[in-house]
file upload-v6.csv (CSV, C-alpha atoms and all ligand atoms)
chain,number,residue,atom,x,y,z
I,1,MET,CA,-42.6,-93.3,5.6
I,2,ILE,CA,-42.6,-94.9,9.1
I,3,THR,CA,-45.8,-94.9,11.2
I,4,ILE,CA,-45.4,-96.1,14.8
I,5,LEU,CA,-48.7,-97.8,15.8
I,6,SER,CA,-50.2,-97.3,19.2
I,7,GLU,CA,-49.6,-100.9,20.2
I,8,THR,CA,-45.9,-100.0,20.4
I,9,THR,CA,-44.9,-100.0,24.1
I,10,LYS,CA,-44.8,-96.3,25.2
I,11,ASN,CA,-42.3,-96.6,28.0
I,12,PRO,CA,-40.0,-99.5,27.0
I,13,ILE,CA,-37.3,-99.0,29.7
I,14,THR,CA,-39.9,-98.9,32.5
I,15,LEU,CA,-41.7,-102.0,31.2
I,16,MET,CA,-38.3,-103.9,31.1
I,17,GLY,CA,-37.7,-103.0,34.7
I,18,GLU,CA,-41.2,-103.9,35.7
I,19,ARG,CA,-40.8,-107.4,34.2
I,20,ALA,CA,-37.4,-107.9,35.8
I,21,GLY,CA,-38.8,-106.7,39.1
I,22,VAL,CA,-41.2,-109.6,39.2
I,23,CYS,CA,-38.3,-112.0,39.3
I,24,TRP,CA,-36.5,-110.0,42.0
I,25,GLY,CA,-39.4,-109.6,44.4
I,26,ALA,CA,-39.4,-105.8,43.9
I,27,ASP,CA,-42.2,-103.3,44.3
I,28,ILE,CA,-43.2,-103.0,40.6
I,29,ARG,CA,-45.8,-100.3,41.3
I,30,ASN,CA,-43.0,-97.7,41.5
I,31,ALA,CA,-42.5,-96.5,38.0
I,32,GLU,CA,-39.3,-94.6,38.8
I,33,ARG,CA,-37.7,-97.7,40.3
I,34,ASN,CA,-38.9,-99.8,37.3
I,35,TYR,CA,-37.2,-97.3,35.0
I,36,LYS,CA,-33.9,-97.5,36.9
I,37,ARG,CA,-34.1,-101.3,37.1
I,38,GLY,CA,-34.8,-101.5,33.3
I,39,LEU,CA,-31.8,-99.3,32.6
I,40,ASP,CA,-29.6,-101.5,34.8
I,41,CYS,CA,-30.8,-104.6,32.9
I,42,ILE,CA,-29.9,-103.1,29.5
I,43,LYS,CA,-26.4,-101.9,30.7
I,44,SER,CA,-25.7,-105.3,32.3
I,45,GLY,CA,-26.5,-107.1,29.0
I,46,HIS,CA,-29.6,-108.9,30.5
I,47,HIS,CA,-31.3,-108.5,27.2
I,48,ARG,CA,-34.0,-111.1,27.6
I,49,VAL,CA,-36.2,-108.3,29.2
I,50,MET,CA,-36.1,-106.4,25.8
I,51,GLU,CA,-38.3,-109.1,24.4
I,52,TYR,CA,-41.3,-107.8,26.4
I,53,VAL,CA,-41.1,-104.5,24.5
I,54,ASN,CA,-43.4,-104.5,21.4
I,55,VAL,CA,-42.8,-102.5,18.3
I,56,GLU,CA,-45.6,-102.3,15.7
I,57,MET,CA,-45.2,-100.0,12.7
I,58,ILE,CA,-46.1,-99.4,9.1
I,59,LEU,CA,-43.1,-99.1,6.7
I,60,GLU,CA,-44.2,-97.4,3.5
I,61,GLY,CA,-42.4,-96.2,0.3
I,62,TYR,CA,-39.3,-98.4,0.6
I,63,SER,CA,-38.3,-100.8,-2.2
I,64,ALA,CA,-39.3,-104.4,-2.4
I,65,ARG,CA,-35.5,-105.1,-2.4
I,66,VAL,CA,-34.9,-103.5,1.0
I,67,ILE,CA,-37.9,-105.3,2.5
I,68,ARG,CA,-36.5,-108.5,1.2
I,69,GLU,CA,-33.4,-107.8,3.3
I,70,TRP,CA,-35.7,-106.7,6.2
I,71,TYR,CA,-37.1,-110.2,6.2
I,72,THR,CA,-33.7,-111.8,7.1
I,73,HIS,CA,-34.0,-110.6,10.7
I,74,ILE,CA,-35.8,-113.5,12.2
I,75,GLY,CA,-34.6,-113.6,15.8
I,76,GLY,CA,-37.6,-113.6,18.2
I,77,ALA,CA,-40.1,-114.7,15.6
I,78,PRO,CA,-41.3,-111.3,14.2
I,79,THR,CA,-44.3,-111.1,12.0
I,80,ARG,CA,-45.6,-108.9,9.1
I,81,LEU,CA,-48.1,-108.3,6.4
I,82,GLN,CA,-47.0,-107.0,2.9
I,83,ALA,CA,-49.0,-105.2,0.3
I,84,SER,CA,-50.4,-107.7,-2.2
I,85,THR,CA,-49.1,-107.8,-5.8
I,86,ARG,CA,-52.5,-109.4,-6.9
I,87,TYR,CA,-55.0,-106.7,-6.1
I,88,ILE,CA,-53.2,-103.4,-6.3
I,89,ASN,CA,-53.1,-101.5,-9.5
I,90,TYR,CA,-49.5,-101.8,-10.6
I,91,LYS,CA,-49.9,-100.2,-14.1
I,92,ASP,CA,-48.5,-97.1,-12.6
I,93,PHE,CA,-46.4,-98.5,-9.7
I,94,SER,CA,-44.0,-96.2,-7.9
I,95,TYR,CA,-40.4,-97.1,-7.5
I,96,ILE,CA,-37.2,-96.0,-5.7
I,97,THR,CA,-34.5,-94.3,-7.8
I,98,PRO,CA,-31.0,-94.7,-6.2
I,99,PRO,CA,-29.1,-91.3,-5.7
I,100,SER,CA,-26.3,-92.5,-8.1
I,101,VAL,CA,-28.9,-92.9,-10.8
I,102,ALA,CA,-30.9,-89.7,-10.0
I,103,GLY,CA,-27.7,-87.7,-10.1
I,104,ASN,CA,-26.8,-88.9,-13.7
I,105,PRO,CA,-29.2,-87.6,-16.4
I,106,GLU,CA,-28.4,-90.4,-18.9
I,107,ALA,CA,-28.7,-93.2,-16.2
I,108,GLU,CA,-31.9,-91.6,-14.9
I,109,ARG,CA,-33.4,-91.7,-18.4
I,110,ILE,CA,-32.5,-95.4,-19.0
I,111,TYR,CA,-33.8,-96.3,-15.5
I,112,ARG,CA,-37.1,-94.4,-15.9
I,113,GLU,CA,-37.7,-95.7,-19.4
I,114,THR,CA,-37.1,-99.3,-18.2
I,115,MET,CA,-39.7,-98.8,-15.4
I,116,GLU,CA,-42.2,-97.3,-17.8
I,117,THR,CA,-41.6,-100.3,-20.2
I,118,ILE,CA,-42.3,-102.7,-17.3
I,119,ALA,CA,-45.5,-100.9,-16.4
I,120,ALA,CA,-46.7,-100.8,-20.0
I,121,ALA,CA,-45.9,-104.5,-20.5
I,122,CYS,CA,-47.8,-105.4,-17.3
I,123,GLU,CA,-50.8,-103.5,-18.6
I,124,ARG,CA,-50.6,-105.0,-22.1
I,125,LEU,CA,-50.3,-108.6,-20.7
I,126,GLU,CA,-53.5,-108.0,-18.7
I,127,SER,CA,-55.6,-106.0,-21.2
I,128,SER,CA,-54.5,-107.3,-24.6
I,129,CYS,CA,-53.5,-110.9,-23.7
I,130,GLY,CA,-55.9,-111.6,-20.9
I,131,ILE,CA,-53.1,-112.6,-18.5
I,132,PRO,CA,-54.2,-112.5,-14.8
I,133,ARG,CA,-52.7,-109.7,-12.8
I,134,GLU,CA,-50.9,-112.2,-10.4
I,135,ASP,CA,-49.0,-113.5,-13.5
I,136,ALA,CA,-48.2,-110.1,-15.1
I,137,ALA,CA,-46.9,-109.1,-11.7
I,138,MET,CA,-43.9,-111.4,-12.2
I,139,LEU,CA,-42.4,-108.6,-14.2
I,140,LEU,CA,-42.4,-106.2,-11.3
I,141,PRO,CA,-38.9,-105.0,-10.3
I,142,LEU,CA,-37.2,-105.1,-6.9
I,143,GLY,CA,-37.0,-101.4,-7.0
I,144,MET,CA,-40.8,-101.1,-6.8
I,145,SER,CA,-41.9,-99.4,-3.6
I,146,THR,CA,-44.0,-101.4,-1.2
I,147,LYS,CA,-45.7,-101.3,2.2
I,148,ILE,CA,-45.6,-103.6,5.2
I,149,VAL,CA,-47.1,-103.7,8.6
I,150,ASP,CA,-44.4,-105.1,10.9
I,151,LYS,CA,-44.4,-106.4,14.5
I,152,ARG,CA,-41.3,-107.4,16.5
I,153,ASN,CA,-39.6,-106.9,19.8
I,154,VAL,CA,-37.0,-104.3,20.6
I,155,ARG,CA,-34.2,-106.9,21.1
I,156,ASN,CA,-34.6,-107.8,17.4
I,157,LEU,CA,-34.7,-104.2,16.3
I,158,ILE,CA,-31.5,-103.3,18.3
I,159,GLU,CA,-29.7,-106.3,16.8
I,160,MET,CA,-30.9,-105.2,13.4
I,161,SER,CA,-29.5,-101.7,14.0
I,162,HIS,CA,-26.0,-103.1,14.6
I,163,GLN,CA,-26.0,-104.7,11.2
I,164,ARG,CA,-27.9,-102.1,9.2
I,165,LEU,CA,-26.3,-98.9,10.6
I,166,CYS,CA,-22.9,-100.3,9.5
I,167,THR,CA,-21.5,-98.5,6.4
I,168,ARG,CA,-21.4,-101.9,4.7
I,169,ALA,CA,-25.2,-102.2,4.8
I,170,TYR,CA,-27.2,-101.3,1.7
I,171,TRP,CA,-27.7,-97.5,1.6
I,172,GLU,CA,-31.5,-97.7,1.5
I,173,TYR,CA,-31.5,-100.0,4.6
I,174,ARG,CA,-29.2,-97.5,6.4
I,175,GLY,CA,-31.7,-94.8,5.6
I,176,LEU,CA,-34.6,-97.0,6.7
I,177,MET,CA,-32.9,-97.7,10.0
I,178,GLN,CA,-32.4,-94.0,10.5
I,179,ASP,CA,-36.0,-93.3,9.7
I,180,ILE,CA,-37.1,-95.8,12.3
I,181,CYS,CA,-34.8,-94.3,14.9
I,182,ARG,CA,-36.3,-90.8,14.2
I,183,ALA,CA,-39.9,-92.1,14.4
I,184,LEU,CA,-39.3,-94.0,17.6
I,185,SER,CA,-37.4,-91.1,19.3
I,186,GLU,CA,-40.5,-88.9,18.6
I,187,TYR,CA,-42.8,-91.6,20.2
I,188,SER,CA,-41.6,-91.0,23.8
I,189,GLU,CA,-38.6,-89.8,25.8
I,190,GLU,CA,-37.7,-93.4,26.7
I,191,TRP,CA,-37.5,-94.3,23.0
I,192,LYS,CA,-35.4,-91.2,22.4
I,193,TYR,CA,-32.9,-92.5,25.0
I,194,LEU,CA,-32.9,-96.0,23.6
I,195,THR,CA,-32.4,-95.0,20.0
I,196,GLU,CA,-29.7,-92.6,20.9
I,197,HIS,CA,-27.7,-95.0,23.1
I,198,TYR,CA,-28.4,-98.5,21.8
I,199,PHE,CA,-29.3,-98.2,18.1
I,200,VAL,CA,-25.7,-98.2,16.9
I,201,PRO,CA,-23.5,-99.9,14.3
I,202,LYS,CA,-21.9,-103.2,15.4
I,203,CYS,CA,-18.4,-101.8,15.7
I,204,ASP,CA,-19.7,-99.5,18.5
I,205,VAL,CA,-20.8,-102.7,20.4
I,206,ALA,CA,-17.8,-104.9,19.7
I,207,GLY,CA,-15.1,-102.3,19.8
I,208,TYR,CA,-13.7,-103.6,16.5
I,209,CYS,CA,-14.9,-104.2,13.0
I,210,THR,CA,-16.1,-107.6,11.9
I,211,GLU,CA,-16.4,-106.8,8.2
I,212,LYS,CA,-13.8,-107.9,5.7
I,213,LYS,CA,-14.0,-104.7,3.7
I,214,SER,CA,-13.9,-102.3,6.7
I,215,CYS,CA,-14.6,-98.6,6.4
I,216,GLY,CA,-11.7,-98.0,8.8
I,217,ARG,CA,-13.7,-96.6,11.6
I,218,THR,CA,-12.2,-99.2,14.0
I,219,LYS,CA,-9.6,-102.0,13.9
I,220,VAL,CA,-10.6,-105.1,12.0
I,221,PHE,CA,-11.3,-108.4,13.9
I,222,GLU,CA,-8.8,-111.2,13.1
I,223,PRO,CA,-9.7,-114.6,14.7
I,224,GLY,CA,-6.7,-115.8,16.7
I,225,ALA,CA,-5.2,-116.0,20.1
I,226,ASP,CA,-3.5,-112.6,19.9
I,227,ASN,CA,-6.6,-110.8,18.8
I,228,ILE,CA,-7.5,-109.3,22.2
I,229,ASN,CA,-4.0,-108.0,22.8
I,230,ARG,CA,-3.7,-106.7,19.2
I,231,LEU,CA,-7.0,-104.7,19.6
I,232,ARG,CA,-5.8,-103.3,22.9
I,233,GLU,CA,-2.6,-101.8,21.2
I,301,LIG,C1,-23.3,-106.2,4.6
I,301,LIG,C2,-24.3,-107.3,4.6
I,301,LIG,C3,-24.3,-108.1,3.5
I,301,LIG,C4,-25.3,-109.2,3.5
I,301,LIG,N1,-25.3,-110.0,2.4
I,301,LIG,C5,-26.2,-111.0,2.4
I,301,LIG,C6,-26.4,-111.8,1.2
I,301,LIG,O1,-25.6,-111.7,0.2
I,301,LIG,N2,-27.3,-112.8,1.2
I,301,LIG,C7,-28.1,-113.0,2.3
I,301,LIG,O2,-29.0,-114.0,2.3
I,301,LIG,N3,-28.0,-112.3,3.4
I,301,LIG,C8,-27.1,-111.2,3.5
I,301,LIG,N4,-27.1,-110.4,4.6
I,301,LIG,C9,-28.0,-110.7,5.7
I,301,LIG,C10,-27.3,-111.5,6.8
I,301,LIG,O3,-26.7,-112.7,6.3
I,301,LIG,C11,-28.4,-111.9,7.9
I,301,LIG,O4,-29.4,-112.7,7.3
I,301,LIG,C12,-29.0,-110.6,8.5
I,301,LIG,O5,-28.0,-109.8,9.0
I,301,LIG,C13,-30.0,-111.0,9.6
I,301,LIG,O6,-29.4,-111.9,10.5
I,301,LIG,P1,-28.9,-111.4,12.0
I,301,LIG,O7,-28.3,-112.6,12.6
I,301,LIG,O8,-28.2,-110.2,11.9
I,301,LIG,O9,-30.4,-111.0,12.7
I,301,LIG,P2,-31.5,-111.9,13.4
I,301,LIG,O10,-31.9,-113.0,12.5
I,301,LIG,O11,-32.6,-111.0,13.8
I,301,LIG,O12,-30.8,-112.5,14.6
I,301,LIG,C14,-30.4,-111.7,15.7
I,301,LIG,C15,-29.5,-112.6,16.7
I,301,LIG,O13,-30.4,-113.6,17.2
I,301,LIG,C16,-29.7,-114.9,17.2
I,301,LIG,N5,-30.3,-115.8,16.3
I,301,LIG,C17,-31.1,-115.6,15.3
I,301,LIG,N6,-31.6,-116.7,14.7
I,301,LIG,C18,-30.9,-117.7,15.3
I,301,LIG,C19,-30.9,-119.1,15.2
I,301,LIG,N7,-31.7,-119.7,14.2
I,301,LIG,N8,-30.2,-119.8,16.0
I,301,LIG,C20,-29.4,-119.3,17.0
I,301,LIG,N9,-29.4,-117.9,17.2
I,301,LIG,C21,-30.1,-117.2,16.4
I,301,LIG,C22,-28.2,-114.6,16.8
I,301,LIG,O14,-27.5,-114.3,18.0
I,301,LIG,C23,-28.4,-113.3,16.0
I,301,LIG,O15,-27.2,-112.6,16.0
I,301,LIG,C24,-26.1,-109.4,4.6
I,301,LIG,C25,-26.1,-108.5,5.7
I,301,LIG,C26,-25.2,-107.5,5.7
I,301,LIG,C27,-25.2,-106.5,6.9
call {"tool": "encode", "arguments": {"input": "upload-v6.csv", "output": "structure tokens", "more": "lines below"}}
Ligand SMILES: Cc1cc2nc3c(=O)[nH]c(=O)nc-3n(C[C@H](O)[C@H](O)[C@H](O)COP(=O)(O)OP(=O)(O)OC[C@H]3O[C@@H](n4cnc5c(N)ncnc54)[C@H](O)[C@@H]3O)c2cc1C
result
Amino acid sequence: MITILSETTKNPITLMGERAGVCWGADIRNAERNYKRGLDCIKSGHHRVMEYVNVEMILEGYSARVIREWYTHIGGAPTRLQASTRYINYKDFSYITPPSVAGNPEAERIYRETMETIAAACERLESSCGIPREDAAMLLPLGMSTKIVDKRNVRNLIEMSHQRLCTRAYWEYRGLMQDICRALSEYSEEWKYLTEHYFVPKCDVAGYCTEKKSCGRTKVFEPGADNINRLRE
């Protein structure tokens, strides 16, 4: 479902250290020192260096709905291409079935029949009524699976993980984020370290929960002068 493309930086931590080393007059030919410097930058919160790390990947088999949410992460001007709804044969489009629906035979039947009805209507509009595919495609559901080619920096992706690994995030997005962590951790040892230590829900970063409907994992943030002391209790 996730394909990490070869343009993705192989050694992200080393690259971060190399870029920082330029500014500090360091010997950037030493990979080991670059790695250590990169780690220090991340730990110190000097996250501008993360913007030199490129991530290019293909996301395939996720719903148009989750990709719509994916597009809200705009920090650092990411870019992407998405499968066209004009040229692909959507008469037999594939779609995501939520576990709650899949686990309920009656719900599954209603859901599947609705998808089949949409597919049949798209086809009839095209073949019987001469409606162009780009117009028949207006009927396609958000649950339809799609494919994108995405390019962004790792600072954006880590920020995204804080939002989307949170239990308040949409279940499919949490799964997508976990798929990305898995794929990146297989790409190199440095990615394994980054995903294990920095791709975490936002309560792990803040030390408290910012969501109104908290899952209860940490204390909830309440704006106010006493907040810091209250959270220390
Ligand atoms: C539980 C949940 C429910 C949601 N519900 C909805 C919803 O109903 N409708 C909806 O539209 N969205 C919804 N969202 C999406 C949410 O509002 C954000 O659009 C999404 O999280 C991406 O924004 P971001 O700041 O997290 O990430 P990014 O856009 O990648 O930004 C990362 C960081 O970069 C900085 N940044 C980014 N852009 C700017 C800027 N223009 N100016 C200054 N700093 C910037 C900020 O520090 C930001 O934290 C929901 C998200 C969650 C997790």
call {"tool": "closest_atom_pairs", "arguments": {"input": "upload-v6.csv", "of": "chain I", "to": "ligand LIG 301 (chain I)", "cutoff": "12 Å", "atoms": "only C-alpha atoms and all ligand atoms", "output": "Markdown table"}}
result
| residue | atom | partner | partner_atom | distance |
| --- | --- | --- | --- | --- |
| I:His47 | CA | I:LIG301 | O13 | 11.3 |
| I:Arg48 | CA | I:LIG301 | O13 | 11.3 |
| I:Glu51 | CA | I:LIG301 | O13 | 11.6 |
| I:Arg65 | CA | I:LIG301 | C7 | 11.8 |
| I:Val66 | CA | I:LIG301 | N4 | 11.0 |
| I:Ile67 | CA | I:LIG301 | C9 | 11.7 |
| I:Arg68 | CA | I:LIG301 | O2 | 9.4 |
| I:Glu69 | CA | I:LIG301 | C9 | 6.6 |
| I:Trp70 | CA | I:LIG301 | C13 | 7.9 |
| I:Tyr71 | CA | I:LIG301 | C13 | 7.9 |
| I:Thr72 | CA | I:LIG301 | O4 | 4.4 |
| I:His73 | CA | I:LIG301 | O11 | 3.4 |
| I:Ile74 | CA | I:LIG301 | O10 | 3.9 |
| I:Gly75 | CA | I:LIG301 | O11 | 3.8 |
| I:Gly76 | CA | I:LIG301 | O11 | 7.1 |
| I:Ala77 | CA | I:LIG301 | O11 | 8.6 |
| I:Pro78 | CA | I:LIG301 | O11 | 8.7 |
| I:Thr79 | CA | I:LIG301 | O11 | 11.8 |
| I:Arg152 | CA | I:LIG301 | O11 | 9.8 |
| I:Asn153 | CA | I:LIG301 | O11 | 10.1 |
| I:Val154 | CA | I:LIG301 | O11 | 10.5 |
| I:Arg155 | CA | I:LIG301 | C14 | 8.2 |
| I:Asn156 | CA | I:LIG301 | O11 | 5.2 |
| I:Leu157 | CA | I:LIG301 | O11 | 7.5 |
| I:Ile158 | CA | I:LIG301 | C14 | 8.9 |
| I:Glu159 | CA | I:LIG301 | C14 | 5.6 |
| I:Met160 | CA | I:LIG301 | O9 | 5.9 |
| I:Ser161 | CA | I:LIG301 | O8 | 8.9 |
| I:His162 | CA | I:LIG301 | O8 | 7.9 |
| I:Gln163 | CA | I:LIG301 | C27 | 4.7 |
| I:Arg164 | CA | I:LIG301 | C27 | 5.7 |
| I:Leu165 | CA | I:LIG301 | C27 | 8.5 |
| I:Cys166 | CA | I:LIG301 | C27 | 7.1 |
| I:Thr167 | CA | I:LIG301 | C1 | 8.1 |
| I:Arg168 | CA | I:LIG301 | C1 | 4.7 |
| I:Ala169 | CA | I:LIG301 | C1 | 4.4 |
| I:Tyr170 | CA | I:LIG301 | C1 | 6.9 |
| I:Trp171 | CA | I:LIG301 | C1 | 10.2 |
| I:Tyr173 | CA | I:LIG301 | C27 | 9.3 |
| I:Arg174 | CA | I:LIG301 | C27 | 9.9 |
| I:Pro201 | CA | I:LIG301 | C27 | 10.1 |
| I:Lys202 | CA | I:LIG301 | C27 | 9.7 |
| I:Thr210 | CA | I:LIG301 | C1 | 10.3 |
| I:Glu211 | CA | I:LIG301 | C1 | 7.8 |
| I:Lys212 | CA | I:LIG301 | C1 | 9.7 |
| I:Lys213 | CA | I:LIG301 | C1 | 9.5 |
| I:Ser214 | CA | I:LIG301 | C1 | 10.4 |
| I:Cys215 | CA | I:LIG301 | C1 | 11.7 |
call {"tool": "atom_distance", "arguments": {"input": "upload-v6.csv", "atom1": "CA of Ser185 (chain I)", "atom2": "CA of Gly21 (chain I)"}}
result
25.2 Å
call {"tool": "closest_atom_pairs", "arguments": {"input": "upload-v6.csv", "of": "region 94-133 of chain I", "to": "region 143-148 of chain I", "cutoff": "9 Å", "atoms": "only C-alpha atoms", "output": "Markdown table"}}
result
| residue | atom | partner | partner_atom | distance |
| --- | --- | --- | --- | --- |
| I:Ser94 | CA | I:Ser145 | CA | 5.8 |
| I:Tyr95 | CA | I:Met144 | CA | 4.1 |
| I:Ile96 | CA | I:Gly143 | CA | 5.6 |
| I:Thr97 | CA | I:Gly143 | CA | 7.6 |
| I:Met115 | CA | I:Met144 | CA | 9.0 |
call {"tool": "write_last_selection", "arguments": {"input": "upload-v6.csv", "atoms": "C-alpha atoms", "output": "CSV table (one decimal), in the frame of the given file"}}
result
chain,number,residue,atom,x,y,z
I,94,SER,CA,-44.0,-96.2,-7.9
I,95,TYR,CA,-40.4,-97.1,-7.5
I,96,ILE,CA,-37.2,-96.0,-5.7
I,97,THR,CA,-34.5,-94.3,-7.8
I,115,MET,CA,-39.7,-98.8,-15.4
call {"tool": "atom_distance", "arguments": {"input": "upload-v6.csv", "atom1": "CA of Ala64 (chain I)", "atom2": "CA of Ser100 (chain I)"}}
result
18.5 Å
call {"tool": "atom_distance", "arguments": {"input": "upload-v6.csv", "atom1": "CA of Ile2 (chain I)", "atom2": "CA of Asp179 (chain I)"}}
result
6.8 Å
